[in-house]
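To start, the structure itself, in structure tokens.
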Amino acid sequence: MTRSAAPGLLIALAVLIAGLLLAFMVGRYPIGIGDLFSVLAGKLTGHVSEVPTAVENVILQVRGPRVIAAALVGAALAVAGTAFQGLFRNPLVSPDILGASSGAALGAVLGIFFSLGVFAIQALAFAGGLAAVAAVYLIGSAVRSRDPILVLVLTGVVIGSLLGAGVGLVKYLADPYNQLPAMTFWLLGSLAATGVPDLVPLFGPVALGTLVLLALRWRMNVMSLPEEEARALGVPTGPLRIAIVAAATLVTSASVATAGIIGWVGLVVPHIARTLVGPDFARLIPAAALLGGGFLLVIDTLARTIAPIEIPLGILTAVVGTPFFIWLLASVSKTWS
Amino acid sequence: MILEGQNLTIGYSDRVVGRDLDVALATGEVLALLGPNGGGKTTLLKTLLGLLAPKSGEVRLDGKPLGRYADRERARLVAYVPQSHSATFAFTVETVVLMGRTAHGSLFSRPTAADRAIAVRVLERFGIGHLSERPYTEISGGERQLALLARALAQEPQFIVLDEPTASLDFGNQGKVMREIRALAGAGHGVLFTTHDPNHAMRAADRAFLLRDGGRVAEGAIGSVLNRPQLEALYGAPVETITDQAAGKIAFLPG
């Protein structure tokens, strides 16, 4: 089983490394690979490098936090998407399927509306995401049905549209000169304002949720079978589904709270990872994390370099994601029975 | 060991599918469950598997109510072979069979080398060892049915419950699956399977349970239950009997 895994994982790792190099080196202030390595090596070993201070500042202060955040957010969204696609047995599902993104969005625009601080906005986004998924889950469980997965997805769609209406209302009421641009910017996704203090509340939940999903990797394989089959194989599907949804939502909410809403990563990347290493979650989760990090690094580098102004990340991922989704729909629907 | 349902009322939250059902299956024997579409076969199967709670009555496994078993405990004793289906994700045949070992590991564990050895053994046992690295989504229906049988055997259960194991198979594979069912009972497993073909019950089962409109029509040894009047009553349609004098065997044809 591990025979064919190594090349795929190496490719995923190479994508992440290429993304890291690209993100550090490319920009309004181009940085050579030699300078980059001597600054990073100097930082690690404690030696004073001979690189100009300005270059060191760009690498460590300006780009460093943003690079780390992009890698983490990309990895988080890809891992969450991988988990949800397995759980819902559908390769066209994405992390916001249960309302995590719309809940987080409402939390954030409310925070902006009431002119709260950055941390309060992030906390509200985080709480909104978790609360939305909890509500979807409770309603979905209360509806007795033979197809709990379908009920859950439909409840997610309905709650998501209600939350979307809430977002619309807050935007309508918002001050069009001070608040509305901030809301719009946030709703479209951006890492422009990311600094060192943002990294801890991002890293903690992402690492925790990913570790839980990694620990459950074999059970997640079995959970991707029809519910009754999984139970007959000895898997307590009810409690495990809660654990997987909670872990994936934690990871999604943390990244939405940091970077705003960035669609498509969680849908596109798991699929590419699956073609690289196969469907076994033991290698799919690491591969998706590496690829997702690399993918968002490339997107974020494009976002800050291809135009005189920063382009929102959600717009770039949509431009990449939409054709991909149509292609996926056309190729996947053939195998549906 | 015995898997038995006593005085069962079966069904879903919104409707009753069958009542007054008593079923027992001992290790080492094969029981065939026959009946028209919509008669409650699948519901009874799910109830006996512990996937659906009976609305009244009780299913007992080795004397203990099935509902009191944890999923993992139960899966070590009773295995389920669903109708051969296509999967969403292209797991290899070996991975599919290894999933049968899930109940033998802990929550966070992956299959061990010992589990792998068991998977290799059961794959060879069904003659599909050469398929182990192939994606489950790309093998034929007959091969999938054998892979699902291998998965059930990898569970090392006492009982194996199969839902229409011959439904989507060609003539040759139907015979193969019937022989395997017989062999499983020979190896000491209790086997329960549903089928639309009384001839399959004749070939593979010791006893038959005839179910129509959620009620028992007849139950007992194959020879005493499977005859023309019973089958005509069961399906509400004419049935012909073909007799092979030389071999002393009979077969049924839908009239």
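By convention in this document, the chains of the structure tokens carry letters A, B, ... by their order, each chain's residues are numbered from 1, and ligands are numbered from 1 in the order they are shown.
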Legend entry - Gly32 (chain A) surroundings by only C-alpha atoms, 12 Å radius, close-in-sequence under 2 positions cut, as a ChimeraX atom specification: /A:21-27,29-30,34-39,51,55-56,58-59
Legend entry - DSSP alpha helix (DSSP H) residues within region 114-308 of chain A, listed as a VMD selection string: chain A and resid 118 to 142 148 to 173 179 to 188 196 to 215 217 to 223 227 to 232 237 to 259 265 to 277 281 to 305
Those same residues - C-alpha atoms - I'd like them written as a short mmCIF file (atom, residue, chain, number, x, y, z; two decimals), in the first residue's frame.
data_model
loop_
_atom_site.label_atom_id
_atom_site.label_comp_id
_atom_site.auth_asym_id
_atom_site.auth_seq_id
_atom_site.Cartn_x
_atom_site.Cartn_y
_atom_site.Cartn_z
CA VAL A 118 -9.24 42.83 14.82
CA PHE A 119 -9.13 40.09 17.43
CA ALA A 120 -12.78 40.46 18.32
CA ILE A 121 -13.66 40.20 14.62
CA GLN A 122 -11.62 37.02 14.30
CA ALA A 123 -13.15 35.57 17.45
CA LEU A 124 -16.67 36.37 16.19
CA ALA A 125 -15.89 34.78 12.82
CA PHE A 126 -14.59 31.71 14.58
CA ALA A 127 -17.61 31.47 16.89
CA GLY A 128 -19.97 32.10 13.98
CA GLY A 129 -18.49 29.23 11.98
CA LEU A 130 -18.67 26.77 14.85
CA ALA A 131 -22.19 27.89 15.84
CA ALA A 132 -23.48 27.55 12.27
CA VAL A 133 -22.17 24.00 11.96
CA ALA A 134 -23.49 23.08 15.41
CA ALA A 135 -26.95 24.42 14.44
CA VAL A 136 -26.89 22.54 11.14
CA TYR A 137 -25.85 19.40 12.94
CA LEU A 138 -28.53 19.64 15.63
CA ILE A 139 -31.30 20.36 13.12
CA GLY A 140 -30.03 17.62 10.80
CA SER A 141 -29.97 15.10 13.63
CA ALA A 142 -33.43 16.07 14.86
CA PRO A 148 -28.81 11.43 7.44
CA ILE A 149 -26.01 12.63 5.15
CA LEU A 150 -28.42 14.12 2.62
CA VAL A 151 -30.44 15.79 5.39
CA LEU A 152 -27.25 17.28 6.80
CA VAL A 153 -26.16 18.68 3.44
CA LEU A 154 -29.58 20.16 2.68
CA THR A 155 -29.79 21.68 6.16
CA GLY A 156 -26.36 23.20 5.52
CA VAL A 157 -27.59 24.77 2.29
CA VAL A 158 -30.70 26.20 3.97
CA ILE A 159 -28.91 27.57 7.04
CA GLY A 160 -26.16 28.90 4.78
CA SER A 161 -28.65 30.92 2.76
CA LEU A 162 -30.25 32.29 5.93
CA LEU A 163 -26.83 33.38 7.18
CA GLY A 164 -26.13 34.84 3.75
CA ALA A 165 -29.29 36.95 4.14
CA GLY A 166 -27.95 38.11 7.50
CA VAL A 167 -24.67 39.12 5.88
CA GLY A 168 -26.62 41.00 3.21
CA LEU A 169 -28.63 42.87 5.85
CA VAL A 170 -25.54 43.91 7.80
CA LYS A 171 -23.87 45.12 4.58
CA TYR A 172 -27.03 47.07 3.70
CA LEU A 173 -27.02 48.78 7.08
CA GLN A 179 -17.35 49.73 6.99
CA LEU A 180 -18.56 48.37 3.66
CA PRO A 181 -15.12 48.26 1.96
CA ALA A 182 -13.67 46.38 4.96
CA MET A 183 -16.53 43.91 4.89
CA THR A 184 -16.26 43.35 1.17
CA PHE A 185 -12.51 42.92 1.39
CA TRP A 186 -12.90 40.42 4.19
CA LEU A 187 -15.68 38.49 2.46
CA LEU A 188 -13.49 38.06 -0.62
CA VAL A 196 2.96 37.65 13.53
CA PRO A 197 0.21 37.90 16.20
CA ASP A 198 -2.26 36.28 13.77
CA LEU A 199 -0.22 33.12 13.51
CA VAL A 200 -0.84 31.60 16.94
CA PRO A 201 -4.68 31.59 16.80
CA LEU A 202 -4.33 30.16 13.30
CA PHE A 203 -1.74 27.48 13.99
CA GLY A 204 -3.27 26.05 17.19
CA PRO A 205 -6.70 25.04 15.86
CA VAL A 206 -5.34 23.98 12.45
CA ALA A 207 -2.75 21.68 14.05
CA LEU A 208 -5.26 20.27 16.54
CA GLY A 209 -7.95 19.53 13.97
CA THR A 210 -5.48 18.05 11.50
CA LEU A 211 -3.99 15.78 14.17
CA VAL A 212 -7.45 14.48 15.11
CA LEU A 213 -8.21 13.73 11.45
CA LEU A 214 -4.81 12.05 10.98
CA ALA A 215 -5.39 9.89 14.04
CA ARG A 217 -7.31 8.11 9.13
CA TRP A 218 -8.23 4.41 8.92
CA ARG A 219 -11.69 4.92 10.39
CA MET A 220 -12.21 7.71 7.81
CA ASN A 221 -11.56 5.18 5.04
CA VAL A 222 -14.34 3.01 6.43
CA MET A 223 -16.60 6.05 6.98
CA GLU A 227 -23.44 4.19 6.57
CA GLU A 228 -24.83 0.71 7.21
CA GLU A 229 -21.77 -0.97 5.79
CA ALA A 230 -19.48 1.09 7.98
CA ARG A 231 -21.51 0.18 11.05
CA ALA A 232 -21.52 -3.51 10.10
CA THR A 237 -20.60 6.11 12.75
CA GLY A 238 -22.62 8.59 14.85
CA PRO A 239 -19.90 9.66 17.33
CA LEU A 240 -17.18 9.48 14.67
CA ARG A 241 -19.13 11.74 12.32
CA ILE A 242 -19.39 14.34 15.09
CA ALA A 243 -15.64 14.07 15.75
CA ILE A 244 -14.74 14.47 12.07
CA VAL A 245 -17.18 17.36 11.48
CA ALA A 246 -15.90 19.12 14.63
CA ALA A 247 -12.25 18.73 13.65
CA ALA A 248 -12.83 19.87 10.05
CA THR A 249 -14.97 22.82 11.19
CA LEU A 250 -12.33 23.90 13.72
CA VAL A 251 -9.73 23.94 10.96
CA THR A 252 -12.04 25.79 8.53
CA SER A 253 -13.17 28.39 11.06
CA ALA A 254 -9.61 29.17 12.12
CA SER A 255 -8.55 29.81 8.54
CA VAL A 256 -11.67 31.84 7.71
CA ALA A 257 -11.10 33.93 10.84
CA THR A 258 -7.57 34.76 9.65
CA ALA A 259 -7.93 35.10 5.90
CA VAL A 265 -9.20 25.39 -2.31
CA GLY A 266 -11.04 22.77 -0.24
CA LEU A 267 -12.77 21.44 -3.32
CA VAL A 268 -10.00 21.42 -5.90
CA VAL A 269 -6.96 20.39 -3.86
CA PRO A 270 -8.33 17.15 -2.31
CA HIS A 271 -9.19 15.95 -5.78
CA ILE A 272 -5.67 16.58 -7.10
CA ALA A 273 -4.24 14.94 -3.98
CA ARG A 274 -6.41 11.88 -4.60
CA THR A 275 -5.08 11.49 -8.13
CA LEU A 276 -1.53 11.75 -6.76
CA VAL A 277 -1.66 9.31 -3.82
CA PHE A 281 -6.65 8.94 4.08
CA ALA A 282 -3.34 7.96 5.68
CA ARG A 283 -1.55 9.54 2.70
CA LEU A 284 -4.40 11.66 1.35
CA ILE A 285 -4.46 14.00 4.37
CA PRO A 286 -0.69 14.77 4.31
CA ALA A 287 -0.72 15.11 0.52
CA ALA A 288 -3.71 17.49 0.62
CA ALA A 289 -2.05 19.58 3.35
CA LEU A 290 1.20 19.95 1.37
CA LEU A 291 -0.57 20.68 -1.92
CA GLY A 292 -3.07 23.08 -0.33
CA GLY A 293 -0.25 25.05 1.27
CA GLY A 294 1.67 25.25 -2.02
CA PHE A 295 -1.46 26.14 -3.99
CA LEU A 296 -2.46 29.05 -1.75
CA LEU A 297 1.14 30.34 -1.66
CA VAL A 298 1.10 30.57 -5.44
CA ILE A 299 -2.36 32.19 -5.43
CA ASP A 300 -1.35 34.69 -2.74
CA THR A 301 1.85 35.58 -4.61
CA LEU A 302 -0.22 36.21 -7.73
CA ALA A 303 -2.71 38.25 -5.69
CA ARG A 304 -0.06 40.75 -4.59
CA THR A 305 1.99 40.89 -7.80
#
Inset, instruction - Once DSSP has gone over the backbone, tell me which residues of region 49-246 of chain B are in strand (DSSP E), as a PyMOL selection string. - result: chain B and resi 56-61+64-65+78-81+159-162+190-195+207-212+215-221+239-244
Any chance you could export the current selection's N, CA and C atoms as a CSV table (one decimal), in the first residue's frame?
chain,number,residue,atom,x,y,z
B,56,SER,N,-40.6,-4.1,18.1
B,56,SER,CA,-40.8,-4.9,19.4
B,56,SER,C,-40.2,-6.2,19.2
B,57,GLY,N,-40.1,-7.0,20.3
B,57,GLY,CA,-39.4,-8.3,20.2
B,57,GLY,C,-38.0,-8.0,20.4
B,58,GLU,N,-37.2,-9.1,20.2
B,58,GLU,CA,-35.8,-8.9,20.6
B,58,GLU,C,-34.9,-9.8,19.7
B,59,VAL,N,-33.8,-9.3,19.2
B,59,VAL,CA,-32.8,-10.1,18.5
B,59,VAL,C,-31.7,-10.4,19.5
B,60,ARG,N,-31.3,-11.7,19.6
B,60,ARG,CA,-30.3,-12.1,20.6
B,60,ARG,C,-29.1,-12.7,19.8
B,61,LEU,N,-27.9,-12.4,20.3
B,61,LEU,CA,-26.7,-13.0,19.7
B,61,LEU,C,-26.0,-13.7,20.8
B,64,LYS,N,-27.4,-12.8,24.2
B,64,LYS,CA,-27.4,-11.4,24.7
B,64,LYS,C,-28.1,-10.5,23.7
B,65,PRO,N,-28.9,-9.6,24.2
B,65,PRO,CA,-29.6,-8.8,23.2
B,65,PRO,C,-28.6,-8.0,22.3
B,78,VAL,N,-20.7,-10.8,13.7
B,78,VAL,CA,-21.6,-10.9,12.5
B,78,VAL,C,-21.0,-10.0,11.4
B,79,ALA,N,-20.9,-10.5,10.2
B,79,ALA,CA,-20.4,-9.8,9.1
B,79,ALA,C,-21.5,-9.6,8.1
B,80,TYR,N,-21.5,-8.5,7.3
B,80,TYR,CA,-22.5,-8.2,6.4
B,80,TYR,C,-21.9,-8.1,5.0
B,81,VAL,N,-22.5,-8.7,4.1
B,81,VAL,CA,-22.1,-8.6,2.7
B,81,VAL,C,-23.2,-7.9,1.9
B,159,PHE,N,-21.1,-15.3,12.1
B,159,PHE,CA,-22.2,-15.3,11.2
B,159,PHE,C,-21.9,-14.4,10.0
B,160,ILE,N,-22.4,-14.8,8.8
B,160,ILE,CA,-22.2,-13.9,7.7
B,160,ILE,C,-23.6,-13.8,7.0
B,161,VAL,N,-24.0,-12.5,6.9
B,161,VAL,CA,-25.3,-12.2,6.3
B,161,VAL,C,-25.2,-11.5,5.0
B,162,LEU,N,-25.8,-12.1,3.9
B,162,LEU,CA,-25.6,-11.6,2.6
B,162,LEU,C,-26.9,-11.1,2.0
B,190,GLY,N,-22.3,-19.5,10.4
B,190,GLY,CA,-23.7,-19.5,10.2
B,190,GLY,C,-24.0,-18.5,9.0
B,191,VAL,N,-24.7,-18.9,8.0
B,191,VAL,CA,-24.8,-18.0,6.8
B,191,VAL,C,-26.3,-17.8,6.6
B,192,LEU,N,-26.7,-16.5,6.4
B,192,LEU,CA,-28.0,-16.1,6.1
B,192,LEU,C,-28.0,-15.3,4.8
B,193,PHE,N,-28.7,-15.7,3.8
B,193,PHE,CA,-28.7,-14.9,2.5
B,193,PHE,C,-30.1,-14.8,2.0
B,194,THR,N,-30.4,-13.6,1.3
B,194,THR,CA,-31.6,-13.4,0.6
B,194,THR,C,-31.4,-13.7,-0.8
B,195,THR,N,-32.5,-14.2,-1.5
B,195,THR,CA,-32.4,-14.5,-2.9
B,195,THR,C,-33.7,-14.4,-3.6
B,207,ARG,N,-32.0,-24.6,5.3
B,207,ARG,CA,-33.3,-24.2,5.6
B,207,ARG,C,-33.7,-23.0,4.8
B,208,ALA,N,-35.0,-22.8,4.7
B,208,ALA,CA,-35.5,-21.6,4.1
B,208,ALA,C,-36.6,-20.9,4.9
B,209,PHE,N,-36.6,-19.6,4.8
B,209,PHE,CA,-37.7,-18.8,5.5
B,209,PHE,C,-38.4,-18.0,4.4
B,210,LEU,N,-39.7,-18.3,4.3
B,210,LEU,CA,-40.5,-17.6,3.2
B,210,LEU,C,-41.3,-16.4,3.8
B,211,LEU,N,-41.0,-15.3,3.3
B,211,LEU,CA,-41.6,-14.0,3.8
B,211,LEU,C,-42.4,-13.3,2.8
B,212,ARG,N,-43.7,-13.0,3.1
B,212,ARG,CA,-44.5,-12.3,2.2
B,212,ARG,C,-45.3,-11.2,3.0
B,215,GLY,N,-45.0,-11.1,6.7
B,215,GLY,CA,-45.4,-12.2,7.6
B,215,GLY,C,-44.7,-13.5,7.1
B,216,ARG,N,-44.6,-14.4,8.0
B,216,ARG,CA,-44.0,-15.7,7.6
B,216,ARG,C,-45.0,-16.6,6.9
B,217,VAL,N,-44.6,-17.0,5.7
B,217,VAL,CA,-45.4,-18.0,4.9
B,217,VAL,C,-45.1,-19.4,5.3
B,218,ALA,N,-43.8,-19.7,5.4
B,218,ALA,CA,-43.4,-21.0,5.9
B,218,ALA,C,-41.9,-20.9,6.3
B,219,GLU,N,-41.5,-21.9,7.1
B,219,GLU,CA,-40.1,-22.0,7.5
B,219,GLU,C,-39.8,-23.4,7.8
B,220,GLY,N,-38.6,-23.8,7.4
B,220,GLY,CA,-38.2,-25.2,7.7
B,220,GLY,C,-37.1,-25.7,6.8
B,221,ALA,N,-36.9,-27.0,6.8
B,221,ALA,CA,-35.9,-27.6,6.0
B,221,ALA,C,-36.2,-27.4,4.5
B,239,VAL,N,-45.9,-21.6,-10.7
B,239,VAL,CA,-44.6,-22.1,-10.7
B,239,VAL,C,-44.6,-23.5,-11.3
B,240,GLU,N,-43.6,-23.9,-12.1
B,240,GLU,CA,-43.4,-25.2,-12.6
B,240,GLU,C,-42.3,-25.9,-11.9
B,241,THR,N,-42.4,-27.2,-11.8
B,241,THR,CA,-41.3,-28.0,-11.2
B,241,THR,C,-40.7,-28.9,-12.3
B,242,ILE,N,-39.4,-28.9,-12.4
B,242,ILE,CA,-38.7,-29.7,-13.3
B,242,ILE,C,-38.0,-30.8,-12.5
B,243,THR,N,-38.1,-32.1,-12.9
B,243,THR,CA,-37.5,-33.1,-12.1
B,243,THR,C,-36.4,-33.8,-12.9
B,244,ASP,N,-35.3,-34.0,-12.4
B,244,ASP,CA,-34.2,-34.8,-13.0
B,244,ASP,C,-34.2,-36.1,-12.3
Legend entry - Expected answer as a PyMOL selection string: chain B residues within 6 Å of chain A, only C-alpha atoms: chain B and resi 71-72+75+91+103+108+110
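Rounded to one decimal, CA of Ala119 (chain B) and CA of Val97 (chain B) lie 6.0 Å from each other.
Checking B:Ala201, B:Ile222, B:Ala152, B:Ala237 one by one against Thr102 (chain B), counting only C-alpha atoms, you find the shortest gap at B:Ala152.
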Legend entry - For Pro165 (chain B), the nearest of the candidates B:Asp20, B:Asp213, B:Glu180, B:Glu124, counting only C-alpha atoms: B:Glu180
Legend entry - Within 10 Å of Leu66 (chain B) using only C-alpha atoms, minus same-chain residues under 6 positions, as a VMD selection string: chain B and resid 3 to 5 47 to 51 53 58 to 60 74
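Taking CA of Ala183 (chain B) and CA of Val30 (chain B) as endpoints, the distance between them is 10.1 Å.
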Write out as an mmCIF file with N, CA and C atoms, in the first residue's frame which residues come within 12 Å of Asn199 (chain B) when counting only C-alpha atoms, dropping same-chain ones fewer than 6 positions away.
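result-v1.cif was written with the following content:
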data_model
loop_
_atom_site.group_PDB
_atom_site.id
_atom_site.type_symbol
_atom_site.label_atom_id
_atom_site.label_comp_id
_atom_site.auth_asym_id
_atom_site.auth_seq_id
_atom_site.Cartn_x
_atom_site.Cartn_y
_atom_site.Cartn_z
ATOM 1 N N ALA B 32 -31.816 -19.590 3.908
ATOM 2 C CA ALA B 32 -32.145 -18.706 2.784
ATOM 3 C C ALA B 32 -33.438 -17.973 3.101
ATOM 4 N N LEU B 34 -36.448 -16.004 1.410
ATOM 5 C CA LEU B 34 -37.085 -15.807 0.114
ATOM 6 C C LEU B 34 -38.374 -15.020 0.256
ATOM 7 N N THR B 166 -26.293 -13.057 -5.316
ATOM 8 C CA THR B 166 -26.178 -13.466 -6.716
ATOM 9 C C THR B 166 -26.851 -12.487 -7.665
ATOM 10 N N GLN B 174 -22.727 -16.983 -10.281
ATOM 11 C CA GLN B 174 -23.790 -17.359 -9.352
ATOM 12 C C GLN B 174 -23.464 -18.707 -8.719
ATOM 13 N N GLY B 175 -23.049 -19.672 -9.573
ATOM 14 C CA GLY B 175 -22.690 -20.994 -9.064
ATOM 15 C C GLY B 175 -21.518 -20.914 -8.096
ATOM 16 N N MET B 178 -22.665 -19.615 -4.761
ATOM 17 C CA MET B 178 -23.409 -20.651 -4.044
ATOM 18 C C MET B 178 -22.457 -21.668 -3.395
ATOM 19 N N ALA B 205 -28.748 -23.788 0.594
ATOM 20 C CA ALA B 205 -29.260 -23.612 1.963
ATOM 21 C C ALA B 205 -29.687 -24.927 2.604
ATOM 22 N N ALA B 208 -35.043 -22.784 4.741
ATOM 23 C CA ALA B 208 -35.532 -21.593 4.051
ATOM 24 C C ALA B 208 -36.591 -20.924 4.907
ATOM 25 N N ILE B 222 -35.220 -27.230 3.680
ATOM 26 C CA ILE B 222 -35.424 -26.941 2.262
ATOM 27 C C ILE B 222 -36.421 -27.906 1.626
ATOM 28 N N GLY B 223 -36.204 -29.199 1.855
ATOM 29 C CA GLY B 223 -37.027 -30.223 1.218
ATOM 30 C C GLY B 223 -38.499 -30.090 1.562
ATOM 31 N N LEU B 226 -39.628 -25.866 0.232
ATOM 32 C CA LEU B 226 -39.575 -25.443 -1.158
ATOM 33 C C LEU B 226 -40.297 -26.461 -2.042
ATOM 34 N N ASN B 227 -41.570 -26.206 -2.281
ATOM 35 C CA ASN B 227 -42.322 -27.009 -3.239
ATOM 36 C C ASN B 227 -43.292 -26.096 -3.958
ATOM 37 N N LEU B 231 -44.376 -22.137 -3.047
ATOM 38 C CA LEU B 231 -43.796 -21.061 -3.849
ATOM 39 C C LEU B 231 -44.886 -20.275 -4.571
ATOM 40 N N THR B 241 -42.404 -27.230 -11.802
ATOM 41 C CA THR B 241 -41.332 -28.018 -11.216
ATOM 42 C C THR B 241 -40.707 -28.899 -12.286
ATOM 43 N N ILE B 242 -39.385 -28.870 -12.361
ATOM 44 C CA ILE B 242 -38.662 -29.728 -13.299
ATOM 45 C C ILE B 242 -37.961 -30.801 -12.476
ATOM 46 N N LYS B 249 -32.887 -34.679 -8.517
ATOM 47 C CA LYS B 249 -32.959 -33.273 -8.110
ATOM 48 C C LYS B 249 -34.156 -32.597 -8.763
ATOM 49 N N ILE B 250 -34.650 -31.545 -8.132
ATOM 50 C CA ILE B 250 -35.706 -30.770 -8.750
ATOM 51 C C ILE B 250 -35.279 -29.311 -8.879
ATOM 52 N N ALA B 251 -35.939 -28.626 -9.817
ATOM 53 C CA ALA B 251 -35.690 -27.204 -9.993
ATOM 54 C C ALA B 251 -37.029 -26.534 -10.299
ATOM 55 N N PHE B 252 -37.061 -25.230 -10.084
ATOM 56 C CA PHE B 252 -38.315 -24.506 -10.298
ATOM 57 C C PHE B 252 -38.180 -23.512 -11.451
ATOM 58 N N LEU B 253 -39.260 -23.369 -12.178
ATOM 59 C CA LEU B 253 -39.328 -22.354 -13.229
ATOM 60 C C LEU B 253 -40.518 -21.465 -12.953
ATOM 61 N N PRO B 254 -40.358 -20.147 -13.126
ATOM 62 C CA PRO B 254 -41.541 -19.301 -13.018
ATOM 63 C C PRO B 254 -42.471 -19.651 -14.171
#
